[in-house]
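I have placed the structure first, in the form of structure tokens, so that the comments after it can refer back to it.
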Amino acid sequence: MNQILHILTQPAKPSVEQLILDQRQLPDQKILVISLNQENPDYRLLLEKVFQSDSIECW
């Protein structure tokens, strides 16, 4: 299974949200979204997921 990580550095635009929804419909795709827009982002989790992912998109 291919794992795709989306890192949100700003609020997601509608086109990005649609892309993520479309990817979730694809077979054999695991989609993970991590937002850095929180007050205290979990950078440890982010680093862990970066190394586990096959593809990384940063928005």
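Residues in the structure tokens are numbered from 1 in each chain, the chains being A, B, ... in the order shown, and ligands are numbered from 1 in the order shown.
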Checklist line | Selection: 12 Å around Leu21 of chain A, only C-alpha atoms, excl. self and same-chain fewer than 3 positions, as a ChimeraX atom specification | finding: /A:6,14-18,24-26,29-33
Let's have the selection written as a PDB file, in the first residue's frame, with N, CA and C atoms.
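File produced: selection-v1.pdb:
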ATOM      1  N   HIS A   6       0.230  14.424   3.448  1.00  0.00           N
ATOM      2  CA  HIS A   6      -0.029  15.823   3.107  1.00  0.00           C
ATOM      3  C   HIS A   6       0.270  16.651   4.350  1.00  0.00           C
ATOM      4  N   PRO A  14      -9.719  24.984  -1.189  1.00  0.00           N
ATOM      5  CA  PRO A  14     -10.689  23.991  -1.681  1.00  0.00           C
ATOM      6  C   PRO A  14     -10.094  22.996  -2.685  1.00  0.00           C
ATOM      7  N   SER A  15      -9.198  23.456  -3.524  1.00  0.00           N
ATOM      8  CA  SER A  15      -8.596  22.546  -4.507  1.00  0.00           C
ATOM      9  C   SER A  15      -7.739  21.476  -3.835  1.00  0.00           C
ATOM     10  N   VAL A  16      -7.054  21.848  -2.760  1.00  0.00           N
ATOM     11  CA  VAL A  16      -6.244  20.883  -2.008  1.00  0.00           C
ATOM     12  C   VAL A  16      -7.155  19.893  -1.293  1.00  0.00           C
ATOM     13  N   GLU A  17      -8.212  20.387  -0.681  1.00  0.00           N
ATOM     14  CA  GLU A  17      -9.160  19.504  -0.005  1.00  0.00           C
ATOM     15  C   GLU A  17      -9.759  18.502  -0.981  1.00  0.00           C
ATOM     16  N   GLN A  18     -10.082  18.956  -2.193  1.00  0.00           N
ATOM     17  CA  GLN A  18     -10.644  18.056  -3.196  1.00  0.00           C
ATOM     18  C   GLN A  18      -9.622  17.021  -3.633  1.00  0.00           C
ATOM     19  N   ARG A  24      -8.159   9.722  -1.509  1.00  0.00           N
ATOM     20  CA  ARG A  24      -8.700   8.754  -0.554  1.00  0.00           C
ATOM     21  C   ARG A  24      -9.593   7.726  -1.237  1.00  0.00           C
ATOM     22  N   GLN A  25     -10.098   8.032  -2.416  1.00  0.00           N
ATOM     23  CA  GLN A  25     -10.959   7.114  -3.159  1.00  0.00           C
ATOM     24  C   GLN A  25     -10.160   6.087  -3.969  1.00  0.00           C
ATOM     25  N   LEU A  26      -8.874   6.325  -4.120  1.00  0.00           N
ATOM     26  CA  LEU A  26      -8.048   5.417  -4.919  1.00  0.00           C
ATOM     27  C   LEU A  26      -7.729   4.149  -4.132  1.00  0.00           C
ATOM     28  N   GLN A  29      -4.170   3.122  -1.516  1.00  0.00           N
ATOM     29  CA  GLN A  29      -3.585   4.396  -1.094  1.00  0.00           C
ATOM     30  C   GLN A  29      -3.950   4.655   0.364  1.00  0.00           C
ATOM     31  N   LYS A  30      -2.969   4.933   1.164  1.00  0.00           N
ATOM     32  CA  LYS A  30      -3.225   5.369   2.540  1.00  0.00           C
ATOM     33  C   LYS A  30      -2.856   6.849   2.582  1.00  0.00           C
ATOM     34  N   ILE A  31      -3.823   7.677   2.944  1.00  0.00           N
ATOM     35  CA  ILE A  31      -3.631   9.126   2.937  1.00  0.00           C
ATOM     36  C   ILE A  31      -3.606   9.624   4.373  1.00  0.00           C
ATOM     37  N   LEU A  32      -2.581  10.368   4.709  1.00  0.00           N
ATOM     38  CA  LEU A  32      -2.457  10.961   6.030  1.00  0.00           C
ATOM     39  C   LEU A  32      -2.276  12.463   5.869  1.00  0.00           C
ATOM     40  N   VAL A  33      -3.015  13.227   6.672  1.00  0.00           N
ATOM     41  CA  VAL A  33      -2.924  14.683   6.629  1.00  0.00           C
ATOM     42  C   VAL A  33      -2.492  15.175   7.995  1.00  0.00           C
TER      43      VAL A  33
END
Item checked: Residue set, chain A restricted to helix (DSSP H, G or I), as number ranges by chain -> A: 14-24, 43-52
Prev. selection, C-alpha atoms, output as a short mmCIF file (atom, residue, chain, number, x, y, z; two decimals), in the first residue's frame:
data_model
loop_
_atom_site.label_atom_id
_atom_site.label_comp_id
_atom_site.auth_asym_id
_atom_site.auth_seq_id
_atom_site.Cartn_x
_atom_site.Cartn_y
_atom_site.Cartn_z
CA PRO A 14 -10.69 23.99 -1.68
CA SER A 15 -8.60 22.55 -4.51
CA VAL A 16 -6.24 20.88 -2.01
CA GLU A 17 -9.16 19.50 0.00
CA GLN A 18 -10.64 18.06 -3.20
CA LEU A 19 -7.34 16.49 -4.19
CA ILE A 20 -7.07 14.79 -0.79
CA LEU A 21 -10.66 13.52 -1.05
CA ASP A 22 -9.98 12.18 -4.54
CA GLN A 23 -6.82 10.40 -3.41
CA ARG A 24 -8.70 8.75 -0.55
CA TYR A 43 6.72 17.64 15.14
CA ARG A 44 7.81 14.27 16.49
CA LEU A 45 4.79 12.63 14.84
CA LEU A 46 5.46 14.59 11.67
CA LEU A 47 9.03 13.35 11.48
CA GLU A 48 7.94 9.78 12.09
CA LYS A 49 5.35 9.96 9.33
CA VAL A 50 7.77 11.61 6.89
CA PHE A 51 10.05 8.58 7.09
CA GLN A 52 7.11 6.15 6.76
#
Next item on the list: Write out as a PyMOL selection string the residues lying within 12 Å of Thr9 of chain A, counting only C-alpha atoms and excluding same-chain residues fewer than 4 positions away.
Entry: chain A and resi 13+33-38+41+57-59
Keeping only N, CA and C atoms, take the residues you just selected and write them out as a compact mmCIF listing (two decimals), in the first residue's frame.
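File written: selection.txt
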# COMPACT_ATOMS: atom_id res chain seq x y z
N LYS A 13 -6.77 25.05 0.87
CA LYS A 13 -7.63 25.65 -0.16
C LYS A 13 -8.59 24.57 -0.65
N VAL A 33 -3.01 13.23 6.67
CA VAL A 33 -2.92 14.68 6.63
C VAL A 33 -2.49 15.18 8.00
N ILE A 34 -1.42 15.94 8.02
CA ILE A 34 -0.94 16.55 9.26
C ILE A 34 -0.94 18.06 9.07
N SER A 35 -1.62 18.73 9.98
CA SER A 35 -1.72 20.19 9.92
C SER A 35 -0.73 20.82 10.90
N LEU A 36 0.02 21.78 10.41
CA LEU A 36 0.93 22.53 11.27
C LEU A 36 0.30 23.85 11.69
N ASN A 37 -1.00 23.98 11.48
CA ASN A 37 -1.72 25.20 11.82
C ASN A 37 -2.21 25.21 13.26
N GLN A 38 -1.91 24.18 14.00
CA GLN A 38 -2.33 24.11 15.40
C GLN A 38 -1.41 24.96 16.26
N PRO A 41 1.99 22.09 17.14
CA PRO A 41 2.05 20.95 16.24
C PRO A 41 2.96 19.84 16.80
N GLU A 57 3.46 15.66 0.20
CA GLU A 57 3.00 16.89 -0.40
C GLU A 57 2.91 17.94 0.68
N CYS A 58 3.45 19.10 0.42
CA CYS A 58 3.44 20.18 1.40
C CYS A 58 2.67 21.36 0.81
N TRP A 59 1.66 21.80 1.54
CA TRP A 59 0.79 22.87 1.07
C TRP A 59 0.88 24.07 1.98
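Take the candidates A:Met1, A:Ile7, A:Ala12, A:Ile56 and check each one against Asp42 of chain A using only C-alpha atoms; the shortest distance goes to A:Ile7.
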Check: Ser55 of chain A: which residues within 7 Å, counting only C-alpha atoms, same-chain residues fewer than 6 positions away excluded, as a PyMOL selection string?
Finding: chain A and resi 3-5
Next item on the list: Pick out each residue of chain A that DSSP on the backbone tags as strand (DSSP E); I need them as a ChimeraX atom specification.
Entry: /A:2-8,29-35,55-58
